[in-house]
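Everything below belongs to entry36.tsv, which stores TSV, C-alpha atoms.
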chain	number	residue	atom	x	y	z
A	1	MET	CA	10.48	-12.41	-5.83
A	2	SER	CA	10.16	-13.50	-2.18
A	3	GLU	CA	9.59	-17.17	-1.43
A	4	ALA	CA	6.11	-18.45	-0.64
A	5	GLY	CA	5.31	-17.90	3.03
A	6	ASP	CA	7.56	-14.87	3.32
A	7	PRO	CA	5.55	-12.10	5.07
A	8	LYS	CA	6.01	-9.64	2.22
A	9	THR	CA	4.83	-12.22	-0.30
A	10	VAL	CA	1.74	-13.04	1.78
A	11	ILE	CA	0.90	-9.35	2.05
A	12	ALA	CA	1.39	-8.55	-1.63
A	13	ALA	CA	-0.60	-11.57	-2.81
A	14	ARG	CA	-3.55	-10.70	-0.57
A	15	ALA	CA	-3.43	-6.98	-1.38
A	16	ALA	CA	-3.63	-7.80	-5.10
A	17	GLN	CA	-7.05	-9.34	-4.45
A	18	GLU	CA	-8.34	-5.93	-3.30
A	19	LEU	CA	-7.87	-4.43	-6.77
A	20	ARG	CA	-10.80	-4.35	-9.20
A	21	PRO	CA	-10.84	-4.45	-13.00
A	22	GLY	CA	-10.79	-1.03	-14.58
A	23	GLU	CA	-9.11	0.72	-11.65
A	24	ILE	CA	-6.16	3.09	-11.90
A	25	VAL	CA	-3.77	2.01	-9.16
A	26	ASN	CA	-0.66	3.71	-7.81
A	27	LEU	CA	1.82	1.33	-6.18
A	28	GLY	CA	4.23	2.67	-3.58
A	29	ILE	CA	7.79	1.59	-2.92
A	30	GLY	CA	8.48	-1.72	-1.16
A	31	ILE	CA	5.79	-4.38	-0.69
A	32	PRO	CA	3.36	-2.73	-3.16
A	33	ASN	CA	5.95	-3.20	-5.92
A	34	LEU	CA	5.47	-6.98	-5.56
A	35	ILE	CA	1.77	-6.79	-6.42
A	36	PRO	CA	2.14	-6.93	-10.24
A	37	GLY	CA	3.45	-10.47	-9.85
A	38	TYR	CA	0.05	-11.49	-8.48
A	39	LEU	CA	-2.13	-9.87	-11.12
A	40	GLY	CA	-3.31	-12.41	-13.66
A	41	ALA	CA	-2.54	-12.06	-17.34
A	42	GLY	CA	-5.06	-9.80	-19.01
A	43	THR	CA	-6.19	-8.24	-15.74
A	44	GLU	CA	-7.62	-4.84	-16.61
A	45	ILE	CA	-5.90	-2.90	-13.84
A	46	PHE	CA	-3.98	0.18	-14.94
A	47	LEU	CA	-0.84	0.81	-12.90
A	48	HIS	CA	0.22	4.42	-12.42
A	49	THR	CA	3.60	5.75	-11.33
A	50	GLU	CA	3.82	9.36	-10.25
A	51	ASN	CA	6.97	10.03	-12.24
A	52	GLY	CA	4.84	9.92	-15.39
A	53	LEU	CA	3.52	6.62	-16.72
A	54	LEU	CA	0.05	5.09	-16.83
A	55	GLY	CA	0.05	1.50	-18.06
A	56	VAL	CA	3.04	0.07	-16.19
A	57	GLY	CA	3.84	-3.47	-17.25
A	58	PRO	CA	5.82	-6.29	-15.61
A	59	ARG	CA	9.48	-6.08	-14.71
A	60	PRO	CA	11.67	-6.46	-17.82
A	61	ALA	CA	14.09	-9.27	-18.48
A	62	GLU	CA	17.78	-8.35	-18.47
A	63	ASP	CA	17.85	-8.10	-22.26
A	64	GLU	CA	14.73	-5.88	-22.31
A	65	LEU	CA	15.94	-3.12	-20.00
A	66	ASP	CA	15.17	0.42	-21.17
A	67	PRO	CA	17.00	3.04	-19.04
A	68	ASP	CA	14.25	5.56	-19.82
A	69	LEU	CA	11.53	3.35	-18.34
A	70	VAL	CA	11.60	3.39	-14.52
A	71	ASP	CA	9.04	3.73	-11.77
A	72	ALA	CA	9.05	6.14	-8.82
A	73	ALA	CA	11.45	3.83	-6.99
A	74	LYS	CA	13.86	4.10	-9.95
A	75	ARG	CA	13.40	0.40	-10.73
A	76	PRO	CA	13.07	-0.70	-14.37
A	77	VAL	CA	9.59	-1.35	-15.71
A	78	THR	CA	7.91	-2.01	-19.03
A	79	ALA	CA	5.03	-0.16	-20.65
A	80	LEU	CA	1.92	-1.98	-21.82
A	81	PRO	CA	0.44	-1.31	-25.28
A	82	GLY	CA	-1.53	1.95	-25.12
A	83	ALA	CA	0.43	3.29	-22.13
A	84	SER	CA	0.54	7.05	-21.61
A	85	TYR	CA	3.56	9.17	-20.72
A	86	PHE	CA	3.36	12.57	-19.02
A	87	ASP	CA	5.34	14.90	-16.79
A	88	SER	CA	5.23	14.91	-13.00
A	89	ALA	CA	3.00	17.98	-12.89
A	90	SER	CA	0.36	16.20	-14.96
A	91	SER	CA	0.79	13.06	-12.88
A	92	PHE	CA	0.11	14.90	-9.65
A	93	ALA	CA	-2.79	16.73	-11.26
A	94	MET	CA	-4.29	13.28	-11.83
A	95	ILE	CA	-3.72	12.37	-8.19
A	96	ARG	CA	-4.97	15.66	-6.72
A	97	GLY	CA	-7.92	15.71	-9.09
A	98	GLY	CA	-9.21	12.38	-7.80
A	99	HIS	CA	-8.42	10.41	-10.96
A	100	VAL	CA	-6.45	7.65	-9.19
A	101	ASP	CA	-8.77	4.98	-7.84
A	102	VAL	CA	-6.43	3.23	-5.43
A	103	ALA	CA	-3.16	4.04	-3.69
A	104	VAL	CA	-1.27	1.08	-2.22
A	105	LEU	CA	1.59	2.07	0.04
A	106	GLY	CA	3.54	1.10	3.12
A	107	ALA	CA	3.37	2.70	6.55
A	108	LEU	CA	5.33	3.03	9.74
A	109	GLN	CA	2.13	3.28	11.78
A	110	VAL	CA	-1.63	3.22	11.24
A	111	SER	CA	-4.00	4.26	14.02
A	112	GLU	CA	-7.31	2.62	14.84
A	113	ARG	CA	-9.09	5.59	13.20
A	114	GLY	CA	-7.16	5.22	9.96
A	115	ASP	CA	-4.53	7.91	10.53
A	116	ILE	CA	-1.33	7.07	8.66
A	117	ALA	CA	2.33	7.91	9.33
A	118	ASN	CA	4.68	6.70	6.62
A	119	TRP	CA	7.38	9.18	5.87
A	120	ALA	CA	9.75	10.01	8.71
A	121	ILE	CA	11.38	8.43	11.73
A	122	PRO	CA	12.26	11.08	14.35
A	123	GLY	CA	15.99	11.31	14.89
A	124	LYS	CA	16.83	9.44	11.69
A	125	ASP	CA	18.25	10.76	8.43
A	126	VAL	CA	15.48	9.80	5.99
A	127	LEU	CA	13.95	11.10	2.78
A	128	GLY	CA	10.98	13.45	2.82
A	129	VAL	CA	7.35	12.57	2.34
A	130	GLY	CA	7.48	12.39	-1.46
A	131	GLY	CA	4.05	11.98	-3.06
A	132	ALA	CA	2.42	10.14	-0.15
A	133	MET	CA	0.46	13.11	1.20
A	134	ASP	CA	-1.08	13.74	-2.21
A	135	LEU	CA	-1.83	10.07	-2.80
A	136	VAL	CA	-3.54	9.26	0.50
A	137	VAL	CA	-5.80	12.30	0.15
A	138	GLY	CA	-6.37	12.21	-3.60
A	139	ALA	CA	-6.95	8.48	-4.16
A	140	ARG	CA	-10.46	7.14	-3.76
A	141	ARG	CA	-9.23	4.14	-1.73
A	142	VAL	CA	-6.07	3.74	0.32
A	143	ILE	CA	-4.66	0.29	1.01
A	144	VAL	CA	-1.75	-0.02	3.44
A	145	THR	CA	0.58	-3.01	3.11
A	146	MET	CA	2.89	-3.52	6.07
A	147	THR	CA	4.21	-6.13	8.46
A	148	SER	CA	2.47	-6.30	11.83
A	149	THR	CA	5.54	-5.16	13.77
A	150	THR	CA	8.82	-3.32	13.38
A	151	PRO	CA	12.11	-5.26	13.36
A	152	LYS	CA	12.20	-4.55	17.12
A	153	GLY	CA	8.80	-6.15	17.61
A	154	GLU	CA	6.87	-2.91	18.14
A	155	ALA	CA	3.28	-2.79	16.92
A	156	LYS	CA	2.54	-0.82	13.76
A	157	LEU	CA	-1.24	-0.82	14.29
A	158	VAL	CA	-1.49	1.61	17.18
A	159	HIS	CA	-4.02	3.51	19.24
A	160	GLU	CA	-2.46	6.86	18.23
A	161	CYS	CA	0.37	7.46	15.76
A	162	THR	CA	3.51	8.75	17.44
A	163	PHE	CA	5.36	9.47	14.19
A	164	PRO	CA	4.58	12.58	12.09
A	165	LEU	CA	1.26	12.08	10.32
A	166	THR	CA	0.96	11.79	6.57
A	167	ALA	CA	-2.83	12.22	6.79
A	168	ARG	CA	-5.69	11.80	9.21
A	169	GLU	CA	-8.41	9.18	8.74
A	170	ALA	CA	-7.20	8.36	5.23
A	171	VAL	CA	-6.79	4.57	5.31
A	172	ASP	CA	-9.49	2.18	4.08
A	173	VAL	CA	-7.76	-1.22	4.28
A	174	VAL	CA	-4.68	-2.59	6.05
A	175	VAL	CA	-3.11	-5.88	4.95
A	176	THR	CA	-0.47	-7.48	7.16
A	177	GLU	CA	1.05	-10.95	7.03
A	178	GLN	CA	-1.48	-12.00	9.69
A	179	ALA	CA	-4.73	-10.27	8.82
A	180	VAL	CA	-6.87	-7.92	6.80
A	181	PHE	CA	-8.34	-4.93	8.62
A	182	ARG	CA	-10.89	-2.40	7.35
A	183	ILE	CA	-11.69	1.03	8.71
A	184	ARG	CA	-15.43	1.32	9.23
A	185	GLY	CA	-16.91	4.37	10.90
A	186	ASN	CA	-13.47	5.48	12.13
A	187	SER	CA	-13.00	2.11	13.83
A	188	LEU	CA	-10.61	-0.74	13.05
A	189	VAL	CA	-12.31	-4.01	12.09
A	190	LEU	CA	-10.58	-7.38	11.67
A	191	THR	CA	-12.24	-9.05	8.67
A	192	GLU	CA	-9.86	-11.85	7.65
A	193	LEU	CA	-7.06	-13.95	9.12
A	194	LEU	CA	-4.06	-14.91	6.96
A	195	GLY	CA	-1.31	-17.48	7.00
A	196	GLY	CA	-2.85	-19.66	9.70
A	197	SER	CA	-2.92	-16.81	12.23
A	198	THR	CA	-5.46	-16.73	15.04
A	199	VAL	CA	-7.23	-13.80	16.66
A	200	ALA	CA	-4.94	-14.30	19.65
A	201	ASP	CA	-1.87	-14.05	17.38
A	202	VAL	CA	-3.15	-10.79	15.91
A	203	SER	CA	-4.07	-9.34	19.30
A	204	SER	CA	-0.59	-10.08	20.66
A	205	VAL	CA	1.07	-7.76	18.11
A	206	THR	CA	-1.66	-5.11	17.76
A	207	GLU	CA	-1.78	-2.12	20.07
A	208	ALA	CA	-4.86	-0.63	18.40
A	209	ARG	CA	-8.32	-1.57	19.61
A	210	PHE	CA	-10.33	-3.49	17.01
A	211	THR	CA	-13.58	-5.35	16.59
A	212	ILE	CA	-13.96	-8.69	14.84
A	213	GLU	CA	-16.23	-9.27	11.85
A	214	LEU	CA	-14.65	-12.20	10.05
A	215	GLU	CA	-15.94	-12.57	6.51
A	216	ASP	CA	-16.70	-15.94	4.90
As C-alpha coordinates:
Amino acid sequence: MSEAGDPKTVIAARAAQELRPGEIVNLGIGIPNLIPGYLGAGTEIFLHTENGLLGVGPRPAEDELDPDLVDAAKRPVTALPGASYFDSASSFAMIRGGHVDVAVLGALQVSERGDIANWAIPGKDVLGVGGAMDLVVGARRVIVTMTSTTPKGEAKLVHECTFPLTAREAVDVVVTEQAVFRIRGNSLVLTELLGGSTVADVSSVTEARFTIELED
(Lines of atoms letter the chains of each structure in order from A and count residues from 1; the text may use other names and numbers.)
(Lines give C-alpha, C1' and ligand atoms only; values in the text may rest on other atoms or scores of the structure.)
Protein backbone atom coordinates (compact mmCIF):
# COMPACT_ATOMS: atom_id res chain seq x y z
CA MET A 1 0.00 0.00 0.00
CA SER A 2 1.13 3.59 -0.65
CA GLU A 3 2.80 5.50 2.16
CA ALA A 4 0.83 8.00 4.23
CA GLY A 5 0.70 11.35 2.45
CA ASP A 6 0.96 9.82 -0.99
CA PRO A 7 -1.77 11.40 -3.17
CA LYS A 8 -3.35 8.06 -4.03
CA THR A 9 -3.48 7.09 -0.37
CA VAL A 10 -5.10 10.40 0.60
CA ILE A 11 -7.70 9.97 -2.12
CA ALA A 12 -8.54 6.35 -1.30
CA ALA A 13 -8.81 7.00 2.44
CA ARG A 14 -11.18 9.93 1.93
CA ALA A 15 -13.25 8.15 -0.72
CA ALA A 16 -13.80 5.24 1.70
CA GLN A 17 -15.61 7.67 4.00
CA GLU A 18 -18.24 8.25 1.29
CA LEU A 19 -19.43 4.63 1.48
CA ARG A 20 -22.39 3.73 3.68
CA PRO A 21 -23.21 0.49 5.50
CA GLY A 22 -25.35 -1.85 3.47
CA GLU A 23 -24.29 -0.50 0.08
CA ILE A 24 -23.21 -2.61 -2.89
CA VAL A 25 -20.08 -0.93 -4.23
CA ASN A 26 -18.17 -1.54 -7.45
CA LEU A 27 -14.50 -0.51 -7.29
CA GLY A 28 -12.69 0.37 -10.50
CA ILE A 29 -9.07 -0.25 -11.37
CA GLY A 30 -6.35 1.90 -9.81
CA ILE A 31 -6.99 4.17 -6.82
CA PRO A 32 -10.40 2.59 -6.04
CA ASN A 33 -8.65 -0.75 -5.46
CA LEU A 34 -6.93 0.81 -2.43
CA ILE A 35 -10.24 1.57 -0.69
CA PRO A 36 -10.71 -1.85 0.99
CA GLY A 37 -7.65 -1.08 3.11
CA TYR A 38 -9.57 1.81 4.67
CA LEU A 39 -12.79 -0.02 5.45
CA GLY A 40 -12.95 -1.01 9.10
CA ALA A 41 -13.32 -4.61 10.17
CA GLY A 42 -16.95 -5.63 10.13
CA THR A 43 -17.99 -2.76 7.88
CA GLU A 44 -21.17 -3.87 6.13
CA ILE A 45 -20.21 -2.73 2.65
CA PHE A 46 -20.54 -5.34 -0.08
CA LEU A 47 -17.88 -5.06 -2.77
CA HIS A 48 -18.84 -6.09 -6.29
CA THR A 49 -16.57 -6.93 -9.20
CA GLU A 50 -18.09 -7.10 -12.66
CA ASN A 51 -16.33 -10.32 -13.56
CA GLY A 52 -18.70 -12.12 -11.19
CA LEU A 53 -18.28 -11.80 -7.43
CA LEU A 54 -20.32 -10.02 -4.77
CA GLY A 55 -18.65 -10.09 -1.35
CA VAL A 56 -15.05 -9.32 -2.26
CA GLY A 57 -12.72 -9.59 0.71
CA PRO A 58 -9.23 -8.21 1.42
CA ARG A 59 -6.17 -9.02 -0.64
CA PRO A 60 -4.86 -12.52 0.18
CA ALA A 61 -1.53 -13.32 1.74
CA GLU A 62 0.98 -15.11 -0.48
CA ASP A 63 0.07 -18.49 1.00
CA GLU A 64 -3.68 -17.85 0.51
CA LEU A 65 -3.67 -17.12 -3.22
CA ASP A 66 -6.45 -18.79 -5.20
CA PRO A 67 -5.91 -18.45 -8.98
CA ASP A 68 -9.67 -18.68 -9.52
CA LEU A 69 -10.36 -15.64 -7.33
CA VAL A 70 -9.49 -12.37 -9.12
CA ASP A 71 -11.15 -9.02 -9.59
CA ALA A 72 -11.79 -7.15 -12.85
CA ALA A 73 -8.19 -5.92 -12.80
CA LYS A 74 -7.03 -9.56 -12.66
CA ARG A 75 -5.58 -9.02 -9.17
CA PRO A 76 -6.06 -11.73 -6.53
CA VAL A 77 -8.84 -11.25 -3.99
CA THR A 78 -10.58 -13.24 -1.29
CA ALA A 79 -14.28 -13.95 -0.88
CA LEU A 80 -16.09 -13.16 2.36
CA PRO A 81 -18.42 -15.72 3.98
CA GLY A 82 -21.74 -15.66 2.11
CA ALA A 83 -20.21 -14.27 -1.09
CA SER A 84 -22.03 -14.91 -4.37
CA TYR A 85 -20.51 -15.99 -7.67
CA PHE A 86 -22.12 -15.38 -11.07
CA ASP A 87 -21.28 -14.93 -14.73
CA SER A 88 -20.54 -11.60 -16.41
CA ALA A 89 -23.98 -11.43 -18.00
CA SER A 90 -25.62 -11.63 -14.58
CA SER A 91 -23.12 -9.13 -13.19
CA PHE A 92 -23.96 -6.57 -15.84
CA ALA A 93 -27.66 -7.26 -15.40
CA MET A 94 -27.15 -6.16 -11.79
CA ILE A 95 -25.40 -3.00 -12.94
CA ARG A 96 -27.86 -2.12 -15.71
CA GLY A 97 -30.80 -2.95 -13.49
CA GLY A 98 -29.78 -0.37 -10.90
CA HIS A 99 -28.78 -2.89 -8.23
CA VAL A 100 -25.30 -1.41 -7.63
CA ASP A 101 -25.46 1.47 -5.17
CA VAL A 102 -22.07 3.06 -5.81
CA ALA A 103 -19.46 2.97 -8.56
CA VAL A 104 -16.01 4.28 -7.63
CA LEU A 105 -13.72 4.76 -10.59
CA GLY A 106 -10.94 6.88 -11.99
CA ALA A 107 -11.17 9.47 -14.74
CA LEU A 108 -9.06 11.33 -17.24
CA GLN A 109 -11.35 14.36 -17.06
CA VAL A 110 -14.49 15.48 -15.25
CA SER A 111 -16.37 18.58 -16.38
CA GLU A 112 -18.00 21.13 -14.10
CA ARG A 113 -21.40 19.63 -15.01
CA GLY A 114 -20.35 16.12 -14.03
CA ASP A 115 -19.53 14.77 -17.49
CA ILE A 116 -16.89 12.05 -17.28
CA ALA A 117 -14.22 10.87 -19.73
CA ASN A 118 -12.25 7.88 -18.49
CA TRP A 119 -11.55 5.41 -21.21
CA ALA A 120 -9.44 6.65 -24.11
CA ILE A 121 -6.60 9.02 -24.87
CA PRO A 122 -6.73 10.18 -28.52
CA GLY A 123 -3.69 9.03 -30.45
CA LYS A 124 -2.71 6.43 -27.86
CA ASP A 125 -2.99 2.65 -28.01
CA VAL A 126 -5.26 1.96 -25.03
CA LEU A 127 -7.91 -0.54 -24.00
CA GLY A 128 -11.58 0.08 -24.69
CA VAL A 129 -14.17 1.43 -22.31
CA GLY A 130 -14.80 -1.86 -20.50
CA GLY A 131 -17.73 -1.70 -18.07
CA ALA A 132 -17.42 2.01 -17.26
CA MET A 133 -20.32 3.17 -19.45
CA ASP A 134 -22.66 0.69 -17.79
CA LEU A 135 -21.42 1.51 -14.30
CA VAL A 136 -21.66 5.31 -14.45
CA VAL A 137 -25.21 5.10 -15.80
CA GLY A 138 -26.45 2.12 -13.81
CA ALA A 139 -25.04 2.91 -10.35
CA ARG A 140 -27.09 5.10 -8.05
CA ARG A 141 -24.04 7.18 -7.07
CA VAL A 142 -20.80 7.74 -8.95
CA ILE A 143 -17.63 8.71 -7.09
CA VAL A 144 -14.57 9.68 -9.11
CA THR A 145 -11.13 9.25 -7.52
CA MET A 146 -8.33 10.99 -9.38
CA THR A 147 -5.32 13.23 -8.92
CA SER A 148 -5.91 16.92 -9.60
CA THR A 149 -3.60 17.00 -12.61
CA THR A 150 -2.00 14.78 -15.23
CA PRO A 151 1.72 13.93 -15.00
CA LYS A 152 2.24 16.94 -17.30
CA GLY A 153 0.44 19.23 -14.87
CA GLU A 154 -2.75 19.60 -16.92
CA ALA A 155 -6.02 20.01 -15.01
CA LYS A 156 -8.38 17.04 -14.86
CA LEU A 157 -11.33 19.07 -13.57
CA VAL A 158 -12.20 21.00 -16.70
CA HIS A 159 -14.83 23.31 -18.13
CA GLU A 160 -15.59 20.86 -20.97
CA CYS A 161 -14.14 17.37 -21.47
CA THR A 162 -11.91 17.16 -24.53
CA PHE A 163 -11.51 13.37 -24.38
CA PRO A 164 -14.28 11.02 -25.59
CA LEU A 165 -17.11 11.01 -23.06
CA THR A 166 -18.02 7.97 -21.01
CA ALA A 167 -21.29 9.63 -19.93
CA ARG A 168 -22.86 13.04 -19.53
CA GLU A 169 -23.77 14.49 -16.14
CA ALA A 170 -23.12 11.17 -14.39
CA VAL A 171 -20.73 12.13 -11.57
CA ASP A 172 -21.91 12.85 -8.03
CA VAL A 173 -18.63 13.25 -6.11
CA VAL A 174 -14.99 13.88 -7.06
CA VAL A 175 -12.19 13.19 -4.57
CA THR A 176 -8.70 14.44 -5.37
CA GLU A 177 -5.62 14.66 -3.16
CA GLN A 178 -6.54 18.31 -2.50
CA ALA A 179 -10.30 18.43 -2.17
CA VAL A 180 -13.75 16.92 -2.27
CA PHE A 181 -16.16 18.28 -4.88
CA ARG A 182 -19.86 17.54 -5.29
CA ILE A 183 -22.06 18.10 -8.31
CA ARG A 184 -25.15 20.04 -7.26
CA GLY A 185 -27.62 21.25 -9.85
CA ASN A 186 -25.15 20.57 -12.68
CA SER A 187 -22.58 22.78 -10.95
CA LEU A 188 -19.27 21.90 -9.29
CA VAL A 189 -19.12 22.69 -5.57
CA LEU A 190 -15.99 22.53 -3.40
CA THR A 191 -17.10 21.10 -0.04
CA GLU A 192 -13.88 20.00 1.68
CA LEU A 193 -10.15 20.68 1.57
CA LEU A 194 -7.67 17.83 2.10
CA GLY A 195 -4.04 17.43 3.01
CA GLY A 196 -3.53 21.02 4.15
CA SER A 197 -4.56 22.44 0.77
CA THR A 198 -6.05 25.92 0.46
CA VAL A 199 -8.71 27.23 -1.89
CA ALA A 200 -5.91 29.01 -3.76
CA ASP A 201 -4.06 25.69 -4.18
CA VAL A 202 -7.17 24.05 -5.59
CA SER A 203 -7.95 26.96 -7.90
CA SER A 204 -4.42 26.89 -9.33
CA VAL A 205 -4.89 23.34 -10.70
CA THR A 206 -8.60 23.45 -11.55
CA GLU A 207 -9.80 24.66 -14.93
CA ALA A 208 -13.48 24.09 -14.11
CA ARG A 209 -15.52 26.84 -12.51
CA PHE A 210 -16.70 25.97 -9.01
CA THR A 211 -18.44 27.48 -6.02
CA ILE A 212 -17.34 27.05 -2.42
CA GLU A 213 -19.53 25.57 0.30
CA LEU A 214 -17.06 24.18 2.82
CA GLU A 215 -18.70 21.75 5.23
CA ASP A 216 -17.86 21.61 8.94
If you take all atoms listed in the file and a cut-off of 8 Å, which residues of region 186-214 of chain A touch region 102-119 of chain A, and what are their nearest atom pairs and distances in Å to one decimal, in chain and number order, as a tab-separated table?
residue	atom	partner	partner_atom	distance
A:Asn186	CA	A:Arg113	CA	4.5
A:Ser187	CA	A:Arg113	CA	5.3
A:Leu188	CA	A:Glu112	CA	5.0
A:Ala208	CA	A:Glu112	CA	5.4
A:Arg209	CA	A:Glu112	CA	6.4
A:Phe210	CA	A:Glu112	CA	7.2
Quiz item: Skipping near chain neighbours, those fewer than 4 positions away, what residues fall within 9 Å of Ala15 (chain A) using only C-alpha atoms, listed as a VMD selection string?
Solution: chain A and resid 10 to 11 19 32 35 104 143 to 145 174 to 175 180
Counting all atoms listed in the file, give me one row per residue of region 47-107 of chain A with an atom at most 8 Å from an atom of region 129-137 of chain A, showing the shortest contact pair and its distance in Å to one decimal, sorted by chain then residue number, as CSV.
residue,atom,partner,partner_atom,distance
A:Glu50,CA,A:Gly131,CA,7.7
A:Phe92,CA,A:Asp134,CA,7.6
A:Ile95,CA,A:Leu135,CA,6.2
A:Arg96,CA,A:Asp134,CA,6.3
A:Ala103,CA,A:Leu135,CA,6.2
Quiz prompt | Interatomic distance (Å, one decimal) between CA of Glu23 (chain A) and CA of Leu47 (chain A) | solution = 8.4 Å
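Note that CA of Asp6 (chain A) and CA of Ala179 (chain A) are 14.2 Å apart.
The closest residue to Phe181 (chain A), picked from A:Glu64, A:Arg14, A:Gly153, A:Gly22 and counting only C-alpha atoms, is A:Arg14.
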Quiz prompt | Atomic distance CA of Tyr38 (chain A) - CA of Pro58 (chain A), expressed in Å with one decimal | solution = 10.5 Å
Quiz item: Taking (-1.7, -13.5, 9.0) in the file's coordinates as the center, which residues reach within 6 Å of it, counting all atoms listed in the file, put as a list in words?
Solution: Glu177, Gln178, Ala179, Leu193, Leu194, Gly195 and Ser197 of chain A
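Around the coordinate (7.1, 9.1, -19.9), residues that reach within 9 Å when counting all atoms listed in the file are Asn51, Gly52, Leu53, Leu54, Asp68, Leu69, Ser84, Tyr85, Phe86 and Asp87 of chain A.
Comparing the minimum interatomic distances between Asp71 (chain A) and each of A:Leu27, A:Arg20, A:His99, A:Pro151, counting all atoms listed in the file, we find that A:Leu27 sits nearest.
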Quiz item: Which neighbours of Val100 (chain A) fall inside 9 Å, counting only C-alpha atoms, when residues of the same chain fewer than 5 positions from it are skipped, and could you give them as a VMD selection string?
Solution: chain A and resid 23 to 26 48 94 to 95 135 138 to 141
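When all atoms listed in the file are used to compute distances to Glu160 (chain A), the closest of the residues A:Glu18, A:Asp63, A:Glu207, A:Glu215 turns out to be A:Glu207.
Among the candidates A:Ile31, A:Ala200, A:Val171, A:Ile212, the one nearest to Ala73 (chain A) when counting all atoms listed in the file is A:Ile31.
Closest approach to Asp101 (chain A) from the set A:Ile183, A:Ala61, A:Val173, A:Val142 is made by A:Val142, with distances taken over all atoms listed in the file.
When only C-alpha atoms are used to measure the gap to Pro164 (chain A), the shortest distance among A:Pro122, A:Gly37, A:Gly196, A:Pro67 belongs to A:Pro122.
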Missing atoms in region 109-132 of chain A should be modelled up to N, CA and C atoms and reported as a PDB file, in the coordinates of the input.
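Okay, out14.pdb is ready:
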ATOM      1  N   GLN A 109       3.199   3.467  10.801  1.00  0.00           N
ATOM      2  CA  GLN A 109       2.130   3.280  11.780  1.00  0.00           C
ATOM      3  C   GLN A 109       0.788   3.591  11.125  1.00  0.00           C
ATOM      4  N   VAL A 110      -0.252   2.885  11.569  1.00  0.00           N
ATOM      5  CA  VAL A 110      -1.630   3.220  11.240  1.00  0.00           C
ATOM      6  C   VAL A 110      -2.414   3.190  12.542  1.00  0.00           C
ATOM      7  N   SER A 111      -3.212   4.227  12.785  1.00  0.00           N
ATOM      8  CA  SER A 111      -4.000   4.260  14.020  1.00  0.00           C
ATOM      9  C   SER A 111      -5.330   3.556  13.809  1.00  0.00           C
ATOM     10  N   GLU A 112      -6.024   3.311  14.901  1.00  0.00           N
ATOM     11  CA  GLU A 112      -7.310   2.620  14.840  1.00  0.00           C
ATOM     12  C   GLU A 112      -8.387   3.440  14.145  1.00  0.00           C
ATOM     13  N   ARG A 113      -8.147   4.741  13.943  1.00  0.00           N
ATOM     14  CA  ARG A 113      -9.090   5.590  13.200  1.00  0.00           C
ATOM     15  C   ARG A 113      -8.734   5.679  11.721  1.00  0.00           C
ATOM     16  N   GLY A 114      -7.595   5.126  11.340  1.00  0.00           N
ATOM     17  CA  GLY A 114      -7.160   5.220   9.960  1.00  0.00           C
ATOM     18  C   GLY A 114      -6.178   6.328   9.681  1.00  0.00           C
ATOM     19  N   ASP A 115      -5.634   6.966  10.725  1.00  0.00           N
ATOM     20  CA  ASP A 115      -4.530   7.910  10.530  1.00  0.00           C
ATOM     21  C   ASP A 115      -3.322   7.120  10.023  1.00  0.00           C
ATOM     22  N   ILE A 116      -2.509   7.759   9.200  1.00  0.00           N
ATOM     23  CA  ILE A 116      -1.330   7.070   8.660  1.00  0.00           C
ATOM     24  C   ILE A 116      -0.078   7.928   8.837  1.00  0.00           C
ATOM     25  N   ALA A 117       0.998   7.292   9.257  1.00  0.00           N
ATOM     26  CA  ALA A 117       2.330   7.910   9.330  1.00  0.00           C
ATOM     27  C   ALA A 117       3.263   7.027   8.525  1.00  0.00           C
ATOM     28  N   ASN A 118       3.847   7.582   7.456  1.00  0.00           N
ATOM     29  CA  ASN A 118       4.680   6.700   6.620  1.00  0.00           C
ATOM     30  C   ASN A 118       5.923   7.354   6.064  1.00  0.00           C
ATOM     31  N   TRP A 119       6.302   8.513   6.597  1.00  0.00           N
ATOM     32  CA  TRP A 119       7.380   9.180   5.870  1.00  0.00           C
ATOM     33  C   TRP A 119       8.586   9.607   6.670  1.00  0.00           C
ATOM     34  N   ALA A 120       8.573   9.556   7.970  1.00  0.00           N
ATOM     35  CA  ALA A 120       9.750  10.010   8.710  1.00  0.00           C
ATOM     36  C   ALA A 120       9.859   9.275  10.033  1.00  0.00           C
ATOM     37  N   ILE A 121      11.102   8.996  10.424  1.00  0.00           N
ATOM     38  CA  ILE A 121      11.380   8.430  11.730  1.00  0.00           C
ATOM     39  C   ILE A 121      12.143   9.489  12.521  1.00  0.00           C
ATOM     40  N   PRO A 122      11.560  10.021  13.592  1.00  0.00           N
ATOM     41  CA  PRO A 122      12.260  11.080  14.350  1.00  0.00           C
ATOM     42  C   PRO A 122      13.666  10.656  14.749  1.00  0.00           C
ATOM     43  N   GLY A 123      14.607  11.567  14.531  1.00  0.00           N
ATOM     44  CA  GLY A 123      15.990  11.310  14.890  1.00  0.00           C
ATOM     45  C   GLY A 123      16.786  10.560  13.845  1.00  0.00           C
ATOM     46  N   LYS A 124      16.135  10.173  12.738  1.00  0.00           N
ATOM     47  CA  LYS A 124      16.830   9.440  11.690  1.00  0.00           C
ATOM     48  C   LYS A 124      16.971  10.305  10.442  1.00  0.00           C
ATOM     49  N   ASP A 125      18.015  10.052   9.680  1.00  0.00           N
ATOM     50  CA  ASP A 125      18.250  10.760   8.430  1.00  0.00           C
ATOM     51  C   ASP A 125      17.515  10.028   7.317  1.00  0.00           C
ATOM     52  N   VAL A 126      16.298  10.471   6.990  1.00  0.00           N
ATOM     53  CA  VAL A 126      15.480   9.800   5.990  1.00  0.00           C
ATOM     54  C   VAL A 126      14.996  10.794   4.943  1.00  0.00           C
ATOM     55  N   LEU A 127      14.499  10.255   3.823  1.00  0.00           N
ATOM     56  CA  LEU A 127      13.950  11.100   2.780  1.00  0.00           C
ATOM     57  C   LEU A 127      12.645  11.735   3.222  1.00  0.00           C
ATOM     58  N   GLY A 128      12.222  12.776   2.503  1.00  0.00           N
ATOM     59  CA  GLY A 128      10.980  13.450   2.820  1.00  0.00           C
ATOM     60  C   GLY A 128       9.767  12.637   2.412  1.00  0.00           C
ATOM     61  N   VAL A 129       8.610  13.274   2.514  1.00  0.00           N
ATOM     62  CA  VAL A 129       7.350  12.570   2.340  1.00  0.00           C
ATOM     63  C   VAL A 129       7.098  12.130   0.909  1.00  0.00           C
ATOM     64  N   GLY A 130       7.719  12.749  -0.071  1.00  0.00           N
ATOM     65  CA  GLY A 130       7.480  12.390  -1.460  1.00  0.00           C
ATOM     66  C   GLY A 130       6.038  12.673  -1.855  1.00  0.00           C
ATOM     67  N   GLY A 131       5.418  11.744  -2.608  1.00  0.00           N
ATOM     68  CA  GLY A 131       4.050  11.980  -3.060  1.00  0.00           C
ATOM     69  C   GLY A 131       2.985  11.398  -2.154  1.00  0.00           C
ATOM     70  N   ALA A 132       3.381  10.862  -0.996  1.00  0.00           N
ATOM     71  CA  ALA A 132       2.420  10.140  -0.150  1.00  0.00           C
ATOM     72  C   ALA A 132       1.266  11.009   0.311  1.00  0.00           C
TER      73      ALA A 132
END
